[in-house]
$ cat upload.pdb   # PDB, C-alpha atoms, pLDDT in the B column
ATOM      1  CA  MET A 322      80.003 129.500 109.366  1.00 64.00           C
ATOM      2  CA  SER A 323      82.664 126.980 108.358  1.00 85.00           C
ATOM      3  CA  ARG A 324      83.242 126.271 104.688  1.00 92.00           C
ATOM      4  CA  SER A 325      83.506 122.813 103.197  1.00 97.00           C
ATOM      5  CA  MET A 326      83.975 121.305  99.761  1.00 98.00           C
ATOM      6  CA  VAL A 327      82.344 118.192  98.396  1.00 98.00           C
ATOM      7  CA  ILE A 328      84.254 117.106  95.301  1.00 98.00           C
ATOM      8  CA  LYS A 329      82.852 114.408  93.046  1.00 98.00           C
ATOM      9  CA  VAL A 330      85.253 112.722  90.631  1.00 98.00           C
ATOM     10  CA  THR A 331      83.451 111.056  87.731  1.00 96.00           C
ATOM     11  CA  ALA A 332      86.532 110.137  85.693  1.00 96.00           C
ATOM     12  CA  GLY A 333      89.526 107.879  86.152  1.00 96.00           C
ATOM     13  CA  GLU A 334      92.149 106.739  83.691  1.00 94.00           C
ATOM     14  CA  ASP A 335      89.566 107.339  80.939  1.00 95.00           C
ATOM     15  CA  ALA A 336      89.980 111.136  81.440  1.00 96.00           C
ATOM     16  CA  PRO A 337      93.266 111.533  83.334  1.00 97.00           C
ATOM     17  CA  GLU A 338      93.474 115.331  83.355  1.00 97.00           C
ATOM     18  CA  ARG A 339      89.961 115.792  84.714  1.00 96.00           C
ATOM     19  CA  CYS A 340      90.595 113.092  87.292  1.00 97.00           C
ATOM     20  CA  ASN A 341      93.882 114.569  88.477  1.00 97.00           C
ATOM     21  CA  GLN A 342      92.379 118.069  88.659  1.00 97.00           C
ATOM     22  CA  ALA A 343      89.785 116.867  91.148  1.00 98.00           C
ATOM     23  CA  PHE A 344      92.380 115.256  93.401  1.00 98.00           C
ATOM     24  CA  THR A 345      94.604 118.344  93.122  1.00 98.00           C
ATOM     25  CA  VAL A 346      91.783 120.710  94.096  1.00 98.00           C
ATOM     26  CA  ALA A 347      90.841 118.455  97.020  1.00 98.00           C
ATOM     27  CA  ALA A 348      94.404 118.413  98.358  1.00 97.00           C
ATOM     28  CA  ALA A 349      94.809 122.176  97.810  1.00 97.00           C
ATOM     29  CA  ALA A 350      91.568 122.901  99.654  1.00 97.00           C
ATOM     30  CA  LEU A 351      92.690 120.768 102.595  1.00 97.00           C
ATOM     31  CA  ALA A 352      96.039 122.568 102.657  1.00 96.00           C
ATOM     32  CA  SER A 353      94.070 125.817 102.863  1.00 95.00           C
ATOM     33  CA  GLY A 354      92.168 124.594 105.908  1.00 95.00           C
ATOM     34  CA  VAL A 355      88.924 123.739 104.134  1.00 97.00           C
ATOM     35  CA  GLU A 356      87.014 120.608 105.150  1.00 97.00           C
ATOM     36  CA  VAL A 357      86.938 118.235 102.143  1.00 98.00           C
ATOM     37  CA  SER A 358      84.832 115.246 101.205  1.00 98.00           C
ATOM     38  CA  LEU A 359      86.084 113.537  98.026  1.00 98.00           C
ATOM     39  CA  TRP A 360      83.635 111.234  96.239  1.00 98.00           C
ATOM     40  CA  LEU A 361      84.986 108.626  93.834  1.00 98.00           C
ATOM     41  CA  THR A 362      82.401 107.695  91.232  1.00 98.00           C
ATOM     42  CA  GLY A 363      82.531 105.943  87.896  1.00 97.00           C
ATOM     43  CA  GLU A 364      86.022 104.891  86.869  1.00 97.00           C
ATOM     44  CA  SER A 365      87.632 106.864  89.709  1.00 98.00           C
ATOM     45  CA  ALA A 366      86.232 104.273  92.133  1.00 98.00           C
ATOM     46  CA  TRP A 367      89.211 102.077  91.203  1.00 98.00           C
ATOM     47  CA  PHE A 368      91.571 104.502  92.966  1.00 98.00           C
ATOM     48  CA  ALA A 369      90.123 103.386  96.301  1.00 98.00           C
ATOM     49  CA  VAL A 370      91.680  99.955  95.708  1.00 98.00           C
ATOM     50  CA  PRO A 371      95.208  99.553  97.111  1.00 98.00           C
ATOM     51  CA  GLY A 372      97.898 100.087  94.483  1.00 97.00           C
ATOM     52  CA  ARG A 373      95.639 101.582  91.806  1.00 97.00           C
ATOM     53  CA  ALA A 374      96.505 105.246  92.504  1.00 97.00           C
ATOM     54  CA  GLU A 375     100.208 104.359  92.430  1.00 97.00           C
ATOM     55  CA  ASP A 376      99.778 103.010  88.889  1.00 95.00           C
ATOM     56  CA  PHE A 377      98.244 106.275  87.616  1.00 96.00           C
ATOM     57  CA  ALA A 378     100.607 108.696  85.902  1.00 93.00           C
ATOM     58  CA  LEU A 379     100.011 112.072  84.284  1.00 96.00           C
ATOM     59  CA  PRO A 380     102.922 114.192  83.033  1.00 96.00           C
ATOM     60  CA  HIS A 381     103.528 117.433  84.938  1.00 96.00           C
ATOM     61  CA  ALA A 382     101.006 116.502  87.650  1.00 96.00           C
ATOM     62  CA  ALA A 383     101.402 115.626  91.289  1.00 96.00           C
ATOM     63  CA  PRO A 384     101.324 111.848  91.836  1.00 97.00           C
ATOM     64  CA  LEU A 385      97.745 110.735  92.398  1.00 97.00           C
ATOM     65  CA  ALA A 386      98.782 108.423  95.233  1.00 97.00           C
ATOM     66  CA  GLU A 387     100.239 111.392  97.140  1.00 97.00           C
ATOM     67  CA  LEU A 388      97.135 113.499  96.575  1.00 97.00           C
ATOM     68  CA  LEU A 389      94.900 110.649  97.725  1.00 98.00           C
ATOM     69  CA  ALA A 390      97.046 110.096 100.827  1.00 97.00           C
ATOM     70  CA  ALA A 391      96.743 113.789 101.697  1.00 96.00           C
ATOM     71  CA  VAL A 392      92.970 113.663 101.412  1.00 97.00           C
ATOM     72  CA  LEU A 393      92.780 110.469 103.466  1.00 97.00           C
ATOM     73  CA  THR A 394      94.895 112.083 106.183  1.00 96.00           C
ATOM     74  CA  ALA A 395      92.861 115.240 106.618  1.00 95.00           C
ATOM     75  CA  GLY A 396      89.589 114.745 104.734  1.00 97.00           C
ATOM     76  CA  ARG A 397      87.050 112.090 103.844  1.00 98.00           C
ATOM     77  CA  VAL A 398      87.042 109.746 100.826  1.00 98.00           C
ATOM     78  CA  THR A 399      83.904 107.937  99.717  1.00 98.00           C
ATOM     79  CA  VAL A 400      83.183 105.471  96.931  1.00 98.00           C
ATOM     80  CA  CYS A 401      79.680 105.606  95.497  1.00 97.00           C
ATOM     81  CA  THR A 402      77.621 102.560  96.483  1.00 98.00           C
ATOM     82  CA  GLN A 403      76.400 101.792  92.964  1.00 98.00           C
ATOM     83  CA  CYS A 404      79.840 102.408  91.443  1.00 98.00           C
ATOM     84  CA  ALA A 405      81.401  99.979  93.915  1.00 98.00           C
ATOM     85  CA  ALA A 406      78.723  97.380  93.211  1.00 98.00           C
ATOM     86  CA  ARG A 407      79.180  97.670  89.430  1.00 98.00           C
ATOM     87  CA  ARG A 408      82.878  96.922  89.931  1.00 98.00           C
ATOM     88  CA  ASP A 409      82.272  94.157  92.489  1.00 98.00           C
ATOM     89  CA  LEU A 410      84.097  96.190  95.142  1.00 98.00           C
ATOM     90  CA  THR A 411      83.291  95.705  98.801  1.00 98.00           C
ATOM     91  CA  GLN A 412      84.521  97.574 101.854  1.00 98.00           C
ATOM     92  CA  GLU A 413      87.196  94.900 102.335  1.00 98.00           C
ATOM     93  CA  ASP A 414      88.638  95.706  98.883  1.00 98.00           C
ATOM     94  CA  LEU A 415      89.266  99.368  99.687  1.00 98.00           C
ATOM     95  CA  ILE A 416      92.107 101.336 101.215  1.00 98.00           C
ATOM     96  CA  GLU A 417      91.724 101.750 104.951  1.00 96.00           C
ATOM     97  CA  GLY A 418      89.776 104.915 105.707  1.00 97.00           C
ATOM     98  CA  VAL A 419      87.716 104.918 102.497  1.00 98.00           C
ATOM     99  CA  ARG A 420      84.006 104.354 102.970  1.00 98.00           C
ATOM    100  CA  ILE A 421      81.188 103.293 100.667  1.00 98.00           C
ATOM    101  CA  ALA A 422      78.048 105.448 100.736  1.00 98.00           C
ATOM    102  CA  GLY A 423      75.209 106.361  98.418  1.00 97.00           C
ATOM    103  CA  ALA A 424      73.366 109.279  96.935  1.00 96.00           C
ATOM    104  CA  PRO A 425      71.470 110.204 100.131  1.00 97.00           C
ATOM    105  CA  THR A 426      74.787 110.793 101.920  1.00 98.00           C
ATOM    106  CA  PHE A 427      76.137 112.793  98.975  1.00 98.00           C
ATOM    107  CA  VAL A 428      73.017 114.976  98.944  1.00 97.00           C
ATOM    108  CA  GLU A 429      73.226 115.480 102.711  1.00 97.00           C
ATOM    109  CA  GLU A 430      76.851 116.617 102.464  1.00 97.00           C
ATOM    110  CA  THR A 431      76.227 118.975  99.561  1.00 97.00           C
ATOM    111  CA  LEU A 432      73.246 120.642 101.246  1.00 96.00           C
ATOM    112  CA  ARG A 433      75.058 121.488 104.478  1.00 96.00           C
ATOM    113  CA  GLU A 434      75.314 125.176 105.175  1.00 96.00           C
ATOM    114  CA  GLY A 435      78.608 126.516 103.861  1.00 96.00           C
ATOM    115  CA  ALA A 436      79.206 123.575 101.497  1.00 97.00           C
ATOM    116  CA  GLN A 437      80.475 124.052  97.964  1.00 97.00           C
ATOM    117  CA  ALA A 438      80.045 121.122  95.575  1.00 97.00           C
ATOM    118  CA  LEU A 439      82.305 120.587  92.567  1.00 97.00           C
ATOM    119  CA  VAL A 440      81.987 117.843  89.975  1.00 97.00           C
ATOM    120  CA  TYR A 441      84.862 116.750  87.759  1.00 97.00           C
TER     121      TYR A 441
END
$ encode --input "upload.pdb" --output "structure tokens"
Amino acid sequence: MSRSMVIKVTAGEDAPERCNQAFTVAAAALASGVEVSLWLTGESAWFAVPGRAEDFALPHAAPLAELLAAVLTAGRVTVCTQCAARRDLTQEDLIEGVRIAGAPTFVEETLREGAQALVY
């Protein structure tokens, strides 16, 4: 059985440490060979917009833009449908490779055999 992680980020610049922890865990899991699906919800949805992750800074933390790039290279990044709509974001507004999907897709991913879900 293969293991996977579904990581849901519920915070952005409003809770920078919690936000950065989620991205760090996602990148670390990928580096360990674990399949990762990173969900951007709430204020973290903004990091799917080009340039937004580059503007985020947290002392003594890996740059968010680098962590996001690592996840996009080897994992999957999704913006919550409702979160995107509340911010007037469409697929065309997002970084290439980021998708928009809703709760049914999140539930499907988290219920797969071998999946571990984390929420930050």
$ resolve_selection --input "upload.pdb" --expression "the PyMOL selection byres ((chain A and resi 355-367) around 6)" --output "ChimeraX atom specification"
/A:325-333,350-351,353-354,368-370,396-401,404
$ atom_distance --input "upload.pdb" --atom1 "CA of Thr394 (chain A)" --atom2 "CA of Ala347 (chain A)"
11.9 Å
$ closest_residue --input "upload.pdb" --among "A:Ala405, A:Ile421, A:Leu439, A:Leu415" --to "Ala374 (chain A)" --atoms "all atoms listed in the file"
A:Leu415
$ closest_residue --input "upload.pdb" --among "A:Arg373, A:Arg324, A:Arg433, A:His381" --to "Gln342 (chain A)" --atoms "only C-alpha atoms"
A:His381
$ resolve_selection --input "upload.pdb" --expression "the PyMOL selection byres ((chain A and resi 418) around 8)" --output "number ranges by chain"
A: 393, 397-398, 416-417, 419-420
$ resolve_selection --input "upload.pdb" --expression "the PyMOL selection byres ((chain A and resi 377) around 12)" --output "list in words"
Gly333, Glu334, Asp335, Ala336, Pro337, Glu338, Cys340, Asn341, Ser365, Trp367, Phe368, Gly372, Arg373, Ala374, Glu375, Asp376, Ala378, Leu379, Pro380, Ala382, Ala383, Pro384, Leu385, Ala386, Glu387, Leu388 and Leu389 of chain A
$ atom_distance --input "upload.pdb" --atom1 "CA of Gln437 (chain A)" --atom2 "CA of Ala424 (chain A)"
16.4 Å
$ closest_residue --input "upload.pdb" --among "A:Leu432, A:Tyr441, A:Pro371, A:Ala349" --to "Gln412 (chain A)" --atoms "all atoms listed in the file"
A:Pro371
$ axis_aligned_box --input "upload.pdb" --around "region 341-357 of chain A" --padding-each-side "6 Å" --output "JSON"
{"center_x": 91.5, "center_y": 120.2, "center_z": 97.2, "size_x": 21.1, "size_y": 23.2, "size_z": 29.4}
$ atom_distance --input "upload.pdb" --atom1 "CA of Asp414 (chain A)" --atom2 "CA of Ala390 (chain A)"
16.8 Å
$ residues_around --input "upload.pdb" --residues "Gly423 (chain A)" --least-positions-apart "4" --cutoff "8 Å" --atoms "all atoms listed in the file" --output "ChimeraX atom specification"
/A:401-403,427
